[in-house]
$ cat model_8.csv   # CSV, C-alpha atoms
chain,number,residue,atom,x,y,z
A,179,MET,CA,18.8,-21.8,-58.7
A,180,SER,CA,17.9,-18.3,-57.9
A,181,ILE,CA,15.7,-17.2,-55.1
A,182,LEU,CA,13.6,-14.1,-54.4
A,183,HIS,CA,13.9,-13.4,-50.7
A,184,THR,CA,11.2,-11.2,-49.1
A,185,VAL,CA,11.6,-9.5,-45.7
A,186,ASN,CA,8.6,-7.8,-44.0
A,187,LYS,CA,9.8,-6.8,-40.6
A,188,THR,CA,12.2,-4.1,-39.3
A,189,PRO,CA,15.6,-5.0,-38.0
A,190,ALA,CA,14.4,-4.0,-34.5
A,191,GLN,CA,11.4,-6.3,-34.7
A,192,ARG,CA,13.0,-9.5,-36.0
A,193,ASP,CA,16.4,-10.8,-37.1
A,194,ALA,CA,14.9,-11.8,-40.4
A,195,LEU,CA,16.9,-9.3,-42.5
A,196,ARG,CA,20.2,-10.2,-40.9
A,197,SER,CA,19.6,-13.9,-41.4
A,198,CYS,CA,18.3,-13.4,-44.9
A,199,LEU,CA,21.4,-11.4,-45.9
A,200,ALA,CA,23.6,-14.1,-44.4
A,201,HIS,CA,22.1,-16.7,-46.6
A,202,VAL,CA,21.4,-14.9,-49.9
A,203,LEU,CA,23.6,-16.0,-52.8
A,204,PRO,CA,24.8,-14.0,-55.9
A,205,GLY,CA,22.2,-14.0,-58.6
A,206,SER,CA,19.3,-13.9,-56.1
A,207,ALA,CA,17.3,-10.9,-55.1
A,208,VAL,CA,15.9,-9.4,-51.9
A,209,LEU,CA,12.6,-7.5,-51.8
A,210,LEU,CA,11.8,-5.4,-48.8
A,211,LEU,CA,8.0,-5.1,-48.2
A,212,GLU,CA,5.6,-4.0,-45.4
A,213,ASP,CA,7.6,-2.9,-42.3
A,214,GLY,CA,10.7,-4.4,-44.0
A,215,VAL,CA,11.0,-1.2,-46.2
A,216,TYR,CA,12.2,0.8,-43.2
A,217,ALA,CA,15.5,-1.2,-43.3
A,218,GLY,CA,16.4,0.5,-46.6
A,219,ILE,CA,16.7,4.0,-45.1
A,220,GLU,CA,20.2,5.2,-45.7
A,221,GLY,CA,22.4,5.6,-42.6
A,222,THR,CA,20.7,2.9,-40.6
A,223,GLU,CA,22.1,-0.3,-39.4
A,224,GLY,CA,19.9,-2.3,-41.7
A,225,ALA,CA,21.0,-0.2,-44.7
A,226,GLY,CA,24.6,-0.9,-43.7
A,227,TRP,CA,24.0,-4.6,-43.9
A,228,LEU,CA,22.3,-4.2,-47.3
A,229,ALA,CA,25.1,-2.1,-48.6
A,230,ARG,CA,27.6,-4.8,-47.7
A,231,CYS,CA,25.8,-7.7,-49.4
A,232,HIS,CA,27.2,-9.1,-52.7
A,233,SER,CA,26.9,-6.7,-55.7
A,234,ASP,CA,25.3,-9.4,-57.7
A,235,VAL,CA,22.3,-9.5,-55.3
A,236,ALA,CA,19.6,-7.1,-56.5
A,237,LEU,CA,17.8,-5.2,-53.8
A,238,PHE,CA,14.2,-3.9,-54.1
A,239,ALA,CA,11.5,-2.2,-52.0
A,240,LEU,CA,7.8,-2.2,-52.6
A,241,GLU,CA,6.5,1.3,-53.7
A,242,GLY,CA,3.1,1.0,-52.0
A,243,ASP,CA,4.6,0.2,-48.7
A,244,LEU,CA,7.2,3.0,-49.0
A,245,ARG,CA,4.4,5.5,-49.8
A,246,ALA,CA,2.2,4.3,-47.0
A,247,ARG,CA,5.1,4.8,-44.5
A,248,ALA,CA,6.4,8.1,-45.8
A,249,VAL,CA,9.7,6.6,-46.8
A,250,ARG,CA,10.6,8.7,-49.8
A,251,PRO,CA,12.7,6.8,-52.4
A,252,GLU,CA,15.5,9.4,-52.1
A,253,ARG,CA,16.0,8.4,-48.5
A,254,LEU,CA,16.8,4.8,-49.5
A,255,LEU,CA,20.2,3.3,-49.9
A,256,ARG,CA,21.1,4.0,-53.6
A,257,ARG,CA,21.1,0.3,-54.6
A,258,VAL,CA,17.6,-0.4,-53.2
A,259,LYS,CA,15.3,0.1,-56.2
A,260,PRO,CA,11.6,0.9,-55.6
A,261,VAL,CA,9.3,-1.5,-57.5
A,262,GLY,CA,5.5,-1.8,-57.9
A,263,TYR,CA,3.2,-4.8,-57.5
A,264,ARG,CA,3.6,-5.8,-61.2
A,265,ASP,CA,7.3,-5.9,-60.8
A,266,PHE,CA,6.8,-8.1,-57.6
A,267,VAL,CA,4.9,-10.6,-59.7
A,268,GLU,CA,7.5,-10.6,-62.4
A,269,LEU,CA,10.3,-11.0,-59.9
A,270,ALA,CA,8.5,-14.0,-58.3
A,271,ALA,CA,8.1,-15.5,-61.8
A,272,ALA,CA,11.7,-14.8,-62.8
A,273,HIS,CA,13.2,-16.6,-59.8
A,274,ASP,CA,13.0,-20.4,-59.1
A,275,ALA,CA,11.5,-19.9,-55.7
A,276,VAL,CA,10.4,-17.3,-53.2
A,277,GLN,CA,11.7,-17.4,-49.6
A,278,ALA,CA,9.6,-15.3,-47.3
A,279,TRP,CA,11.6,-14.4,-44.2
A,280,LEU,CA,8.6,-13.9,-41.8
B,204,MET,CA,-10.1,19.8,-22.5
B,205,SER,CA,-11.7,20.1,-19.1
B,206,GLY,CA,-13.3,17.3,-17.1
B,207,ALA,CA,-14.1,16.3,-13.6
B,208,GLY,CA,-11.3,13.7,-13.3
B,209,TYR,CA,-11.9,10.5,-11.4
B,210,ARG,CA,-13.5,11.2,-8.0
B,211,ALA,CA,-12.6,8.9,-5.1
B,212,GLY,CA,-14.8,10.1,-2.3
B,213,ARG,CA,-14.5,13.9,-2.5
B,214,GLU,CA,-11.0,13.9,-3.8
B,215,VAL,CA,-10.2,14.2,-7.5
B,216,VAL,CA,-7.5,11.7,-8.4
B,217,ARG,CA,-5.3,12.7,-11.3
B,218,LYS,CA,-2.9,9.9,-12.2
B,219,ARG,CA,0.2,10.4,-14.1
B,220,LEU,CA,0.0,8.1,-17.1
B,221,LEU,CA,2.6,7.4,-19.8
B,222,TYR,CA,1.7,5.8,-23.1
B,223,VAL,CA,4.7,4.2,-24.8
B,224,ASN,CA,4.5,3.6,-28.5
B,225,ARG,CA,7.1,1.1,-29.7
B,226,ARG,CA,5.7,-0.4,-32.9
B,227,PRO,CA,5.8,0.9,-36.5
B,228,PRO,CA,2.4,2.2,-37.7
B,229,HIS,CA,1.0,0.0,-40.4
B,230,GLY,CA,2.3,-3.6,-40.0
B,231,SER,CA,-0.1,-4.2,-37.1
B,232,ILE,CA,-3.1,-2.7,-35.3
B,233,TYR,CA,-1.1,-1.6,-32.2
B,234,ALA,CA,-0.2,1.9,-33.2
B,235,LEU,CA,-3.8,2.8,-34.1
B,236,GLU,CA,-5.2,1.2,-30.9
B,237,ALA,CA,-2.6,3.1,-28.9
B,238,LEU,CA,-3.7,6.4,-30.4
B,239,GLU,CA,-7.3,5.7,-29.5
B,240,VAL,CA,-6.4,4.7,-25.9
B,241,MET,CA,-4.2,7.9,-25.5
B,242,LEU,CA,-7.1,10.1,-26.6
B,243,VAL,CA,-9.4,8.4,-24.2
B,244,GLY,CA,-7.0,8.8,-21.3
B,245,ALA,CA,-6.5,12.5,-22.0
B,246,ALA,CA,-10.2,13.1,-22.3
B,247,PHE,CA,-10.7,11.7,-18.8
B,248,ASP,CA,-8.6,14.6,-17.4
B,249,GLN,CA,-5.7,12.4,-16.4
B,250,CYS,CA,-2.1,13.7,-16.5
B,251,VAL,CA,-1.1,12.1,-19.7
B,252,SER,CA,2.3,12.0,-21.4
B,253,VAL,CA,3.1,10.0,-24.6
B,254,LEU,CA,6.4,8.7,-25.7
B,255,PHE,CA,7.4,7.3,-29.1
B,256,LEU,CA,10.3,4.9,-28.7
B,257,ASP,CA,12.2,2.4,-30.9
B,258,ASP,CA,10.2,1.6,-34.1
B,259,GLY,CA,7.3,3.7,-32.6
B,260,VAL,CA,8.9,6.9,-33.9
B,261,PHE,CA,8.0,5.8,-37.5
B,262,ALA,CA,4.3,6.5,-36.6
B,263,LEU,CA,5.1,10.3,-36.5
B,264,LEU,CA,6.7,10.5,-40.0
B,265,ARG,CA,5.2,13.3,-42.0
B,266,GLY,CA,3.5,12.4,-45.4
B,267,GLN,CA,2.3,8.9,-44.7
B,268,ALA,CA,-0.3,7.6,-47.3
B,269,PRO,CA,-1.6,4.2,-46.2
B,270,ASP,CA,-4.8,4.9,-48.2
B,271,ALA,CA,-2.9,3.4,-51.1
B,272,LEU,CA,-3.0,0.1,-49.2
B,273,GLY,CA,-6.6,0.5,-48.4
B,274,MET,CA,-5.8,1.3,-44.8
B,275,LYS,CA,-6.9,4.2,-42.6
B,276,ASN,CA,-4.6,7.2,-42.5
B,277,PHE,CA,-4.7,7.8,-38.7
B,278,ALA,CA,-1.4,9.7,-38.5
B,279,LYS,CA,-3.1,13.0,-38.5
B,280,GLY,CA,-4.9,11.9,-35.3
B,281,TYR,CA,-1.6,12.5,-33.5
B,282,ARG,CA,-2.0,16.2,-34.1
B,283,ALA,CA,-5.1,16.1,-31.9
B,284,LEU,CA,-3.1,15.0,-28.9
B,285,PRO,CA,-2.3,18.5,-27.6
B,286,ASP,CA,-6.0,19.5,-28.0
B,287,PHE,CA,-7.1,16.6,-25.9
B,288,GLY,CA,-4.9,17.8,-23.1
B,289,VAL,CA,-1.9,15.5,-23.5
B,290,GLU,CA,0.7,17.4,-21.5
B,291,ARG,CA,4.0,16.0,-23.0
B,292,ILE,CA,4.6,14.5,-26.4
B,293,CYS,CA,8.1,13.0,-26.4
B,294,VAL,CA,10.3,11.0,-28.7
B,295,SER,CA,13.5,9.2,-28.1
B,296,ALA,CA,16.3,11.2,-29.8
B,297,GLU,CA,18.3,8.0,-30.0
B,298,SER,CA,15.5,6.0,-31.7
B,299,LEU,CA,15.2,8.8,-34.3
B,300,ARG,CA,18.9,8.9,-34.9
B,301,ASP,CA,19.2,5.1,-35.3
B,302,ARG,CA,16.5,5.2,-38.0
B,303,GLY,CA,18.1,8.0,-40.0
B,304,LEU,CA,15.4,10.6,-38.9
B,305,SER,CA,15.3,14.0,-37.2
B,306,PRO,CA,12.5,15.9,-35.4
B,307,ASP,CA,12.1,17.9,-38.7
B,308,ASP,CA,10.8,14.8,-40.4
B,309,LEU,CA,7.9,14.5,-37.9
B,310,LEU,CA,4.3,15.7,-38.3
B,311,LEU,CA,4.1,17.5,-35.0
B,312,ASP,CA,6.2,19.3,-32.5
B,313,VAL,CA,7.7,16.9,-30.0
B,314,GLU,CA,10.2,16.9,-27.1
B,315,ALA,CA,13.3,14.9,-28.2
B,316,LEU,CA,14.6,13.2,-25.1
B,317,SER,CA,17.9,11.6,-24.4
B,318,THR,CA,17.9,8.0,-23.2
B,319,GLY,CA,18.5,9.2,-19.6
B,320,GLU,CA,15.6,11.6,-19.9
B,321,VAL,CA,13.3,8.8,-21.2
B,322,ALA,CA,14.3,6.7,-18.2
B,323,ARG,CA,13.4,9.6,-15.8
B,324,LEU,CA,10.1,10.2,-17.6
B,325,MET,CA,9.2,6.6,-17.0
B,326,GLU,CA,10.2,6.8,-13.3
B,327,GLU,CA,7.9,9.8,-12.7
B,328,GLN,CA,4.7,7.9,-13.7
B,329,ASP,CA,1.9,6.2,-11.7
B,330,ALA,CA,1.3,3.9,-14.5
B,331,ILE,CA,2.9,3.1,-17.9
B,332,LEU,CA,1.0,1.5,-20.8
B,333,THR,CA,3.1,0.2,-23.6
B,334,PHE,CA,1.9,-0.7,-27.1
$ encode --input "model_8.csv" --output "C-alpha cells"
Amino acid sequence: MSILHTVNKTPAQRDALRSCLAHVLPGSAVLLLEDGVYAGIEGTEGAGWLARCHSDVALFALEGDLRARAVRPERLLRRVKPVGYRDFVELAAAHDAVQAWL
Amino acid sequence: MSGAGYRAGREVVRKRLLYVNRRPPHGSIYALEALEVMLVGAAFDQCVSVLFLDDGVFALLRGQAPDALGMKNFAKGYRALPDFGVERICVSAESLRDRGLSPDDLLLDVEALSTGEVARLMEEQDAILTF
C-alpha cells in the first residue's frame, strides 16, 4: 500500500506538514501544492523536516503553484522535484490512495 | 495624495492606522482584500502604515505569476502604496529570515524591522487592522 500525501498549507498556517511527515511511510510520496509549496524553500523549518524524512519517500511540488508564488525551483530543497498537473494525475493513479492533509 | 481628512466639527482628525498582513497571497482572498482596504485608508488622508508579518511577507515576493492559475496578479498593486500616501511600509525581518528570504527578494523598498521595532510600531497606533 502506497499513499500520495498532499499538503496545501504553510507550516505557519497548520501543522499538516509536520503530521504528514510523521505518518508517511517509505515507498509513499508527498506532494506540496497551493500554499504548501512555500514549505519547500531551502533553509526554512519546513524544508528541514522534509530533508529529514526517509530517503525512500519521494517529494514533489506543483509547478503552477510555485510559479504563481514566485518560488523559483532553485530555491527548493534539492530533493523536492517540481511537477506539472499531468504528473499529479499520474502520481495519484500510481499510488493506492491519496491522503489530502487539509 | 491630498485630501481633506475626516472632519469632526472644525478639526481634521488624522488617525494613525496600521494594516497588518499575515497571510500568504494566493491561498485565500485576505491578501487582496487587505490591499484594497489599505489603498482606501490612505486615500482618505489618514496616517497609514502597513506591515507584512509572518506568512504575509510572501505577498511581496518579486516575480509572482498567479495568472497561470487563472487568478488576478495583484502584487504590483503594492507598488502603488507610496503613491497613495502610505507613510511606512514595513516587513518583519524575522519573518523574512524564517522563510529563507531577504529584502532583495521583494518587489518594493521596505523597512525591515526587528521584532522589538514591530512591537513598538503597533504600540504607536490608534487602530490596528489585521488580515
$ residues_around --input "model_8.csv" --residues "Asp270 of chain B" --least-positions-apart "2" --cutoff "12 Å" --atoms "all atoms listed in the file" --output "PyMOL selection string"
(chain A and resi 242-243+245-248) or (chain B and resi 229+266-268+272-278)
$ closest_residue --input "model_8.csv" --among "B:Met241, B:Leu220, B:Tyr233, B:Val260" --to "Ala283 of chain B" --atoms "all atoms listed in the file"
B:Met241
$ interface_residues --input "model_8.csv" --of "chain B" --to "chain A" --cutoff "10 Å" --atoms "all atoms listed in the file" --output "NGL selection string"
:B and (225-231 or 257-258 or 261-274 or 276 or 300-304 or 308)
$ residues_around --input "model_8.csv" --residues "Val321 of chain B" --least-positions-apart "3" --cutoff "10 Å" --atoms "only C-alpha atoms" --output "list of chain:residue names"
B:Leu254, B:Phe255, B:Leu256, B:Cys293, B:Val294, B:Ser295, B:Ala296, B:Ala315, B:Leu316, B:Ser317, B:Thr318, B:Leu324, B:Met325, B:Glu326
$ residues_around --input "model_8.csv" --residues "Leu237 of chain A" --least-positions-apart "5" --cutoff "8 Å" --atoms "all atoms listed in the file" --output "list in words"
Ala207, Val208, Leu209, Leu210, Leu228, Arg257, Val258 and Lys259 of chain A
$ write_last_selection --input "model_8.csv" --atoms "C-alpha atoms" --output "PDB file, in the frame of the given file"
ATOM      1  CA  ALA A 207      17.300 -10.900 -55.100  1.00  0.00           C
ATOM      2  CA  VAL A 208      15.900  -9.400 -51.900  1.00  0.00           C
ATOM      3  CA  LEU A 209      12.600  -7.500 -51.800  1.00  0.00           C
ATOM      4  CA  LEU A 210      11.800  -5.400 -48.800  1.00  0.00           C
ATOM      5  CA  LEU A 228      22.300  -4.200 -47.300  1.00  0.00           C
ATOM      6  CA  ARG A 257      21.100   0.300 -54.600  1.00  0.00           C
ATOM      7  CA  VAL A 258      17.600  -0.400 -53.200  1.00  0.00           C
ATOM      8  CA  LYS A 259      15.300   0.100 -56.200  1.00  0.00           C
TER       9      LYS A 259
END
$ atom_distance --input "model_8.csv" --atom1 "atom CA of Val253 of chain B" --atom2 "atom CA of Pro285 of chain B"
10.5 Å
$ decode --input "model_8.csv" --residues "segment 270-327 of chain B" --atoms "C-alpha atoms" --output "CSV table (one decimal), in the first residue's frame"
chain,number,residue,atom,x,y,z
B,270,ASP,CA,-2.2,34.4,-14.0
B,271,ALA,CA,-1.2,30.8,-14.7
B,272,LEU,CA,-3.8,29.7,-12.1
B,273,GLY,CA,-6.4,32.0,-13.6
B,274,MET,CA,-6.1,34.4,-10.7
B,275,LYS,CA,-5.5,38.1,-10.6
B,276,ASN,CA,-1.9,39.3,-10.3
B,277,PHE,CA,-2.4,42.0,-7.7
B,278,ALA,CA,1.2,42.0,-6.4
B,279,LYS,CA,2.0,45.0,-8.5
B,280,GLY,CA,-0.7,46.9,-6.6
B,281,TYR,CA,1.6,47.0,-3.6
B,282,ARG,CA,3.9,49.3,-5.6
B,283,ALA,CA,1.1,51.9,-5.6
B,284,LEU,CA,1.1,52.2,-1.8
B,285,PRO,CA,3.7,55.0,-1.6
B,286,ASP,CA,1.7,57.0,-4.3
B,287,PHE,CA,-1.4,56.7,-2.2
B,288,GLY,CA,0.3,58.3,0.7
B,289,VAL,CA,1.1,55.3,2.8
B,290,GLU,CA,3.8,56.6,5.1
B,291,ARG,CA,5.6,53.5,6.2
B,292,ILE,CA,5.8,50.1,4.5
B,293,CYS,CA,7.4,47.6,6.9
B,294,VAL,CA,8.3,43.9,7.0
B,295,SER,CA,9.3,41.8,9.9
B,296,ALA,CA,13.0,40.9,9.3
B,297,GLU,CA,12.5,37.8,11.4
B,298,SER,CA,9.5,36.6,9.3
B,299,LEU,CA,11.6,37.1,6.2
B,300,ARG,CA,14.6,35.2,7.7
B,301,ASP,CA,12.4,32.3,8.9
B,302,ARG,CA,11.2,31.9,5.3
B,303,GLY,CA,14.6,31.9,3.7
B,304,LEU,CA,14.0,35.4,2.2
B,305,SER,CA,15.8,38.8,2.2
B,306,PRO,CA,14.6,42.3,1.4
B,307,ASP,CA,16.3,41.9,-2.0
B,308,ASP,CA,13.7,39.3,-2.9
B,309,LEU,CA,10.8,41.8,-2.6
B,310,LEU,CA,9.1,43.9,-5.2
B,311,LEU,CA,9.4,47.2,-3.4
B,312,ASP,CA,11.6,49.1,-0.9
B,313,VAL,CA,10.5,48.3,2.6
B,314,GLU,CA,11.7,49.0,6.1
B,315,ALA,CA,12.9,45.7,7.7
B,316,LEU,CA,12.0,45.9,11.4
B,317,SER,CA,13.2,43.8,14.3
B,318,THR,CA,10.6,42.1,16.4
B,319,GLY,CA,11.0,44.8,19.0
B,320,GLU,CA,10.5,47.5,16.4
B,321,VAL,CA,7.4,45.7,15.2
B,322,ALA,CA,6.0,45.7,18.7
B,323,ARG,CA,6.7,49.5,19.1
B,324,LEU,CA,5.1,50.2,15.7
B,325,MET,CA,1.9,48.5,16.9
B,326,GLU,CA,2.0,50.5,20.1
B,327,GLU,CA,2.1,53.8,18.3
